[in-house]
Structure formats: C-alpha cells, structure tokens
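Trainee: So I've got this file, data.cif, and it contains mmCIF, C-alpha atoms:
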```cif
data_entry
#
loop_
_atom_site.label_atom_id
_atom_site.label_comp_id
_atom_site.auth_asym_id
_atom_site.auth_seq_id
_atom_site.Cartn_x
_atom_site.Cartn_y
_atom_site.Cartn_z
CA MET A 1 37.56 -55.68 119.84
CA PRO A 2 38.38 -53.34 116.91
CA THR A 3 36.45 -50.08 116.70
CA SER A 4 34.14 -50.05 113.70
CA LYS A 5 34.30 -47.10 111.36
CA PRO A 6 31.50 -44.54 111.54
CA MET A 7 28.48 -44.70 109.25
CA LEU A 8 29.16 -42.58 106.15
CA VAL A 9 26.43 -40.11 105.22
CA GLY A 10 26.53 -37.86 102.16
CA VAL A 11 24.85 -34.45 102.02
CA THR A 12 24.33 -33.03 98.55
CA GLY A 13 22.18 -30.52 96.71
CA GLY A 14 22.33 -28.19 93.74
CA ILE A 15 23.70 -24.66 93.88
CA GLY A 16 21.62 -22.47 96.21
CA SER A 17 19.79 -25.41 97.80
CA GLY A 18 21.33 -24.69 101.20
CA LYS A 19 23.36 -27.86 101.75
CA SER A 20 26.10 -25.86 103.49
CA THR A 21 23.53 -24.42 105.91
CA VAL A 22 22.28 -27.94 106.64
CA CYS A 23 25.85 -29.12 107.27
CA LYS A 24 26.47 -26.21 109.68
CA ILE A 25 23.46 -27.38 111.71
CA PHE A 26 24.86 -30.92 111.76
CA GLU A 27 28.19 -29.50 112.99
CA VAL A 28 26.40 -27.67 115.82
CA LEU A 29 24.88 -31.04 116.75
CA GLY A 30 28.43 -32.41 117.04
CA VAL A 31 28.63 -34.33 113.77
CA PRO A 32 32.00 -34.14 111.94
CA VAL A 33 31.57 -32.76 108.41
CA TYR A 34 34.02 -33.23 105.54
CA ASN A 35 33.59 -30.47 102.93
CA SER A 36 34.63 -32.06 99.63
CA ASP A 37 34.63 -28.82 97.65
CA ASP A 38 36.88 -26.96 100.13
CA ARG A 39 39.23 -29.93 100.45
CA ALA A 40 39.46 -30.24 96.65
CA LYS A 41 40.66 -26.63 96.45
CA SER A 42 43.35 -27.34 99.06
CA LEU A 43 44.43 -30.62 97.50
CA MET A 44 44.88 -28.97 94.09
CA VAL A 45 47.67 -26.97 95.72
CA ASP A 46 49.01 -29.31 98.43
CA ASP A 47 48.72 -32.84 96.99
CA ILE A 48 51.92 -33.39 94.99
CA VAL A 49 50.49 -36.28 92.94
CA LEU A 50 47.42 -34.24 92.02
CA VAL A 51 49.46 -31.12 91.20
CA GLU A 52 51.74 -33.09 88.86
CA GLY A 53 48.70 -34.71 87.23
CA ILE A 54 47.08 -31.33 86.57
CA LYS A 55 50.34 -29.92 85.14
CA ALA A 56 50.70 -32.97 82.87
CA ALA A 57 47.13 -32.54 81.59
CA PHE A 58 46.92 -28.74 81.32
CA GLY A 59 50.53 -27.52 81.24
CA GLU A 60 52.68 -25.51 83.66
CA GLU A 61 50.38 -22.53 83.10
CA ALA A 62 47.83 -24.25 85.37
CA TYR A 63 49.86 -22.89 88.30
CA LEU A 64 51.13 -19.40 89.10
CA ASP A 65 54.73 -18.54 90.01
CA ASN A 66 53.78 -18.62 93.72
CA LYS A 67 52.64 -22.24 93.22
CA ASN A 68 48.97 -21.35 93.72
CA LEU A 69 46.43 -22.66 91.25
CA ASN A 70 45.86 -20.44 88.21
CA ARG A 71 42.10 -20.52 88.65
CA ASN A 72 41.31 -18.12 85.80
CA PHE A 73 43.34 -20.15 83.31
CA LEU A 74 41.89 -23.47 84.46
CA ALA A 75 38.33 -22.13 84.46
CA LYS A 76 38.73 -20.96 80.86
CA GLU A 77 40.22 -24.33 79.89
CA VAL A 78 37.34 -26.42 81.24
CA PHE A 79 34.44 -23.99 80.80
CA SER A 80 32.26 -25.21 77.92
CA ASN A 81 34.77 -28.01 77.21
CA PRO A 82 33.23 -31.19 78.66
CA SER A 83 36.21 -33.42 77.81
CA LYS A 84 38.68 -31.15 79.61
CA LEU A 85 36.32 -30.84 82.57
CA GLU A 86 36.07 -34.63 82.66
CA THR A 87 39.88 -34.86 82.63
CA LEU A 88 40.13 -32.45 85.57
CA ASN A 89 37.44 -34.31 87.52
CA SER A 90 39.16 -37.65 86.85
CA LEU A 91 42.23 -36.25 88.61
CA VAL A 92 40.56 -34.37 91.47
CA HIS A 93 37.86 -36.83 92.57
CA PRO A 94 40.22 -39.77 93.32
CA ALA A 95 42.44 -37.40 95.34
CA VAL A 96 39.42 -36.25 97.35
CA GLY A 97 38.41 -39.89 97.82
CA ARG A 98 41.84 -40.74 99.28
CA ASP A 99 41.76 -37.68 101.52
CA PHE A 100 38.24 -38.51 102.73
CA ALA A 101 39.29 -42.08 103.58
CA SER A 102 42.20 -40.74 105.66
CA TRP A 103 39.85 -38.32 107.43
CA VAL A 104 37.32 -41.07 108.19
CA ALA A 105 40.08 -43.20 109.72
CA ILE A 106 40.57 -40.65 112.52
CA GLN A 107 36.81 -40.39 113.25
CA SER A 108 36.43 -43.94 114.57
CA ASN A 109 34.72 -42.86 117.80
CA GLN A 110 31.83 -41.18 115.93
CA PRO A 111 28.44 -42.87 115.26
CA TYR A 112 28.35 -41.23 111.83
CA VAL A 113 30.14 -38.57 109.78
CA ILE A 114 29.05 -36.41 106.86
CA LYS A 115 30.60 -35.92 103.44
CA GLU A 116 29.33 -32.66 101.96
CA ALA A 117 29.64 -32.53 98.17
CA ALA A 118 27.85 -30.78 95.34
CA LEU A 119 28.50 -33.68 92.94
CA LEU A 120 27.89 -36.89 94.86
CA PHE A 121 25.64 -38.66 92.38
CA GLU A 122 27.36 -37.23 89.30
CA THR A 123 30.76 -38.63 90.32
CA GLY A 124 29.42 -41.96 91.56
CA SER A 125 30.97 -41.37 94.99
CA HIS A 126 27.55 -41.93 96.61
CA ASN A 127 28.15 -45.65 96.00
CA SER A 128 30.83 -45.69 98.70
CA LEU A 129 28.50 -44.13 101.31
CA ASP A 130 25.93 -45.75 103.59
CA SER A 131 23.22 -43.19 102.85
CA VAL A 132 22.70 -39.83 101.16
CA VAL A 133 20.71 -36.77 102.21
CA LEU A 134 19.46 -34.54 99.38
CA VAL A 135 18.76 -30.87 100.15
CA THR A 136 16.21 -29.35 97.75
CA ALA A 137 14.64 -25.95 97.17
CA PRO A 138 12.54 -24.35 94.41
CA GLU A 139 14.66 -23.03 91.53
CA GLU A 140 13.55 -19.39 91.88
CA LEU A 141 14.55 -19.42 95.56
CA ARG A 142 17.90 -21.01 94.71
CA VAL A 143 18.61 -18.32 92.11
CA ARG A 144 17.76 -15.55 94.62
CA ARG A 145 20.03 -17.09 97.25
CA VAL A 146 23.02 -17.38 94.92
CA LEU A 147 22.62 -13.82 93.56
CA ALA A 148 22.44 -12.48 97.13
CA ARG A 149 25.51 -14.52 98.13
CA ASP A 150 27.55 -13.96 94.94
CA PRO A 151 26.56 -10.56 93.51
CA GLN A 152 29.29 -10.87 90.85
CA ARG A 153 27.29 -13.63 89.17
CA SER A 154 24.55 -12.87 86.66
CA GLU A 155 21.14 -14.54 86.78
CA LYS A 156 21.93 -16.25 83.47
CA GLN A 157 25.15 -17.72 84.90
CA VAL A 158 23.28 -19.13 87.89
CA ARG A 159 20.53 -20.61 85.72
CA ASP A 160 23.18 -22.12 83.40
CA ILE A 161 24.85 -23.81 86.38
CA ILE A 162 21.50 -25.17 87.56
CA GLY A 163 20.75 -26.36 84.03
CA ASN A 164 24.05 -28.26 83.88
CA GLN A 165 23.53 -30.00 87.22
CA LEU A 166 21.61 -33.25 87.62
CA LYS A 167 17.93 -32.44 88.14
CA ASP A 168 16.43 -32.86 91.63
CA GLU A 169 13.86 -35.30 90.22
CA GLU A 170 16.72 -37.63 89.26
CA LYS A 171 18.58 -37.09 92.53
CA LYS A 172 15.45 -37.89 94.56
CA LYS A 173 15.41 -41.40 93.06
CA LEU A 174 18.92 -41.99 94.42
CA ALA A 175 18.66 -40.24 97.81
CA ASP A 176 17.79 -41.97 101.09
CA TYR A 177 16.59 -38.80 102.85
CA ILE A 178 15.25 -35.51 101.48
CA LEU A 179 15.30 -32.12 103.24
CA ASN A 180 13.10 -29.49 101.64
CA ASN A 181 14.80 -26.15 102.36
CA ASN A 182 12.00 -23.99 100.93
CA GLU A 183 11.85 -21.47 103.83
CA GLN A 184 8.24 -22.50 104.44
CA GLU A 185 9.09 -25.00 107.18
CA LEU A 186 11.68 -24.52 109.93
CA LEU A 187 14.92 -26.17 108.84
CA VAL A 188 16.55 -26.76 112.25
CA PRO A 189 13.83 -29.13 113.58
CA GLU A 190 13.98 -31.07 110.29
CA VAL A 191 17.75 -31.54 110.64
CA VAL A 192 17.48 -32.45 114.33
CA ALA A 193 14.87 -35.12 113.50
CA LEU A 194 17.10 -36.46 110.73
CA HIS A 195 20.07 -36.48 113.13
CA GLU A 196 18.07 -38.68 115.54
CA ALA A 197 17.11 -41.03 112.68
CA LEU A 198 20.75 -41.29 111.58
CA LEU A 199 21.91 -42.01 115.15
CA THR A 200 19.35 -44.83 115.32
CA ALA A 201 20.50 -46.21 111.95
CA ALA A 202 24.15 -46.01 113.05
CA ALA A 203 23.36 -47.85 116.31
CA LYS A 204 21.57 -50.64 114.42
CA ARG A 205 24.49 -50.94 112.01
CA ALA A 206 26.99 -51.10 114.87
CA ALA A 207 24.90 -53.79 116.63
CA LYS A 208 24.92 -55.93 113.48
CA GLU A 209 28.70 -55.60 113.17
CA ALA A 210 29.35 -56.36 116.86
#
```
Give the structure from the file, written as structure tokens.
Mentor:
Amino acid sequence: MPTSKPMLVGVTGGIGSGKSTVCKIFEVLGVPVYNSDDRAKSLMVDDIVLVEGIKAAFGEEAYLDNKNLNRNFLAKEVFSNPSKLETLNSLVHPAVGRDFASWVAIQSNQPYVIKEAALLFETGSHNSLDSVVLVTAPEELRVRRVLARDPQRSEKQVRDIIGNQLKDEEKKKLADYILNNNEQELLVPEVVALHEALLTAAAKRAAKEA
C-alpha cells in the first residue's frame, strides 16, 4: 500500500509575533519544519531558473560578481515600488512552492509537517495546505521584540512593515488555529496541546485515506 503524504500545516504571523519561536518548539517535539523565508534566500542564489528570471526582470546588477544576490540593489528596486515587488514575488513564490513539494516528498513517514512563512495568506499558498496556525501578539510587544532583535531598525521602519502586512483580524478569519504569544500565558504548553490536536487530525485523515 502506498505511503500517504503527511498532513501539511502552515505556521504564519506578522513580524515580531514569534512564529519562529513556535516553530522551534515544534522542532523540539520532532516535527519537521520547512522555513520558507530561509529557503527563498537560498533559492535566489542556487536555483538556476529563478536566478535567470530575476536577472531578466531586474538586470545583471541584481547579482554581484561572486554570484551572490545584490540585496541592497534589489531592496532599493522593490522598496516602495509595489509592481516591482509583485514581479519579484511572482518569481520567488513558485520556486519556493516547487522546493517545498520536493521536501514534502521525502517526509512521507511523518504524521504532519510544518511550512513556516511570513506571507502564507498574502501569497495564496495557504490554499495548498491542510490547515494554518496563526501566531499573534499585541503590536507594541511585536515592535519591542523586533527592535531588541534587530537594533539597526528604527521604530518607524518596524511600524511601517506591520502596517504593510495583512492585519491579524483578517488573518484570524482564514486561520484554523490561533496561538496568542502575548507573554501572559506559557507558550510551550499551548504548542504541545496544539501538537496533540494536529496528531489527532493527521491520524483521522490517514484513516480516511486508508
């Protein structure tokens, strides 16, 4: 009998919400986690099709002489230029989707796996997942976290990023599970309880497919 693929669970949340912390807890619990943002950075250098697409759209200057991405140039190109940002996303997101599918294919013995991404709902990639976990936190706490983590950023920059991201109220309508990372409740027990719920959901799904 063929092995069914694992249940696909997305974990998302705005900047400073703590989605990476949540994913680290899932990893400790033995759940494989695919970090979309980290993989995107790698693919923009290693994926030949993606590299050629970026050069065609933004010119050879998009890459340095050592073949690394010219991040400063690209950031200036897309910053405050929605159409150019959309062009870049239209190249990167399909490449990440292909890479994620290849990664899932080698996780066939897992009940479920996690796709961590800042822009799950915005890109529509949540539609290809079985369920999505939204990590939330109050805006003031998120700003404090980011400034502590990235001291080179200004408070205005952080608030601008938050302002440009889809609001939590909208994301909550689309999410299947919500983790409130407000530092008032202990996060680890919340994630452990969610892990148990996801294992149960994965077992039910597998039983239906058997």
Trainee: Need to verify the contact set: Ala118 (chain A), 8 Å, only C-alpha atoms, exclusion of same-chain residues closer than 4 positions in sequence. Can you return it as JSON, numbers by chain?
Mentor: {"A": [12, 13, 14, 15, 37]}
Trainee: Could you save those same residues with C-alpha atoms as a PDB file, keeping the file's coordinate frame?
Mentor:
```pdb
ATOM      1  CA  THR A  12      24.330 -33.030  98.550  1.00  0.00           C
ATOM      2  CA  GLY A  13      22.180 -30.520  96.710  1.00  0.00           C
ATOM      3  CA  GLY A  14      22.330 -28.190  93.740  1.00  0.00           C
ATOM      4  CA  ILE A  15      23.700 -24.660  93.880  1.00  0.00           C
ATOM      5  CA  ASP A  37      34.630 -28.820  97.650  1.00  0.00           C
TER       6      ASP A  37
END
```
Trainee: Applying 9 Å and all atoms listed in the file, which residues near Asn35 (chain A) remain after dropping the ones on its own chain fewer than 2 positions away? List them as a count of residues only.
Mentor: 11
Trainee: Please write as a list in words the full residue list that the PyMOL selection byres ((chain A and resi 110) around 9) yields on this file.
Mentor: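 Evaluating the PyMOL selection byres ((chain A and resi 110) around 9) on this file yields Lys5, Pro6, Met7, Val31, Pro32, Gln107, Ser108, Asn109, Pro111, Tyr112 and Val113 of chain A.
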Trainee: Record the distance separating CA of Lys67 (chain A) and CA of Val51 (chain A), expressed in Å with one decimal.
Mentor: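 So the answer is 9.6 Å.
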Trainee: Kindly resolve the PyMOL selection byres ((chain A and resi 176) around 7) on the present coordinates and return the residues as a VMD selection string.
Mentor: chain A and resid 131 to 133 174 to 175 177 to 178
Trainee: Please identify all polymer residues within 8 Å of Val22 (chain A), counting all atoms listed in the file, omitting same-chain residues fewer than 3 positions from it, and present them as a list in words.
Mentor: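 After dropping sequence-adjacent residues, the list is Gly18, Lys19, Ile25, Phe26, Val135, Leu187 and Val191 of chain A.
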Trainee: Neighbours of Ala203 (chain A) within 12 Å (only C-alpha atoms; same-chain residues fewer than 2 positions away dropped), as a list in words?
Mentor: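 Here the answer would be Ser4, Pro6, Met7, Gln110, Pro111, Tyr112, Glu196, Ala197, Leu198, Leu199, Thr200, Ala201, Arg205, Ala206, Ala207, Lys208, Glu209 and Ala210 of chain A.
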Trainee: Please write the residues picked by the PyMOL selection byres ((chain A and resi 70) around 12) on this file as an mmCIF file with C-alpha atoms, in the coordinates of the input.
Mentor:
```cif
data_model
loop_
_atom_site.group_PDB
_atom_site.id
_atom_site.type_symbol
_atom_site.label_atom_id
_atom_site.label_comp_id
_atom_site.auth_asym_id
_atom_site.auth_seq_id
_atom_site.Cartn_x
_atom_site.Cartn_y
_atom_site.Cartn_z
ATOM 1 C CA LYS A 41 40.660 -26.630 96.450
ATOM 2 C CA MET A 44 44.880 -28.970 94.090
ATOM 3 C CA VAL A 45 47.670 -26.970 95.720
ATOM 4 C CA VAL A 51 49.460 -31.120 91.200
ATOM 5 C CA ILE A 54 47.080 -31.330 86.570
ATOM 6 C CA LYS A 55 50.340 -29.920 85.140
ATOM 7 C CA PHE A 58 46.920 -28.740 81.320
ATOM 8 C CA GLY A 59 50.530 -27.520 81.240
ATOM 9 C CA GLU A 60 52.680 -25.510 83.660
ATOM 10 C CA GLU A 61 50.380 -22.530 83.100
ATOM 11 C CA ALA A 62 47.830 -24.250 85.370
ATOM 12 C CA TYR A 63 49.860 -22.890 88.300
ATOM 13 C CA LEU A 64 51.130 -19.400 89.100
ATOM 14 C CA ASP A 65 54.730 -18.540 90.010
ATOM 15 C CA ASN A 66 53.780 -18.620 93.720
ATOM 16 C CA LYS A 67 52.640 -22.240 93.220
ATOM 17 C CA ASN A 68 48.970 -21.350 93.720
ATOM 18 C CA LEU A 69 46.430 -22.660 91.250
ATOM 19 C CA ARG A 71 42.100 -20.520 88.650
ATOM 20 C CA ASN A 72 41.310 -18.120 85.800
ATOM 21 C CA PHE A 73 43.340 -20.150 83.310
ATOM 22 C CA LEU A 74 41.890 -23.470 84.460
ATOM 23 C CA ALA A 75 38.330 -22.130 84.460
ATOM 24 C CA LYS A 76 38.730 -20.960 80.860
ATOM 25 C CA GLU A 77 40.220 -24.330 79.890
#
```
Trainee: What is the CA of Gly97 (chain A) to CA of Thr21 (chain A) distance in Å?
Mentor: 22.9 Å
Trainee: So what do you get for CA of His195 (chain A) versus CA of Glu27 (chain A), distance-wise?
Mentor: 10.7 Å
Trainee: Which of these residues is nearest to Ala57 (chain A), using only C-alpha atoms: A:Lys173, A:Val78, A:Gly10, A:Leu129?
Mentor: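 Closest to Ala57 (chain A), using only C-alpha atoms: A:Val78.
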Trainee: List every protein, DNA or RNA residue with an atom no more than 12 Å from (45.9, -38.4, 102.8) in the file's coordinates, counting all atoms listed in the file, and format the result as a list in words.
Mentor: Arg39, Ser42, Leu43, Asp46, Asp47, Ile48, Val49, Leu50, Pro94, Ala95, Val96, Gly97, Arg98, Asp99, Phe100, Ala101, Ser102, Trp103, Val104, Ala105 and Ile106 of chain A
Trainee: I need the residue nearest Gly53 (chain A) from this list: A:Gly30, A:Leu91, A:Lys84, A:Thr123. Use all atoms listed in the file for the distance.
Mentor: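 Result for the nearest residue to Gly53 (chain A): A:Leu91.
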Trainee: Would you please work out which residue, of A:Leu85, A:Val9, A:Leu141, A:Leu186, is nearest to Tyr34 (chain A) when using only C-alpha atoms?
Mentor: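 Result for the nearest residue to Tyr34 (chain A): A:Val9.
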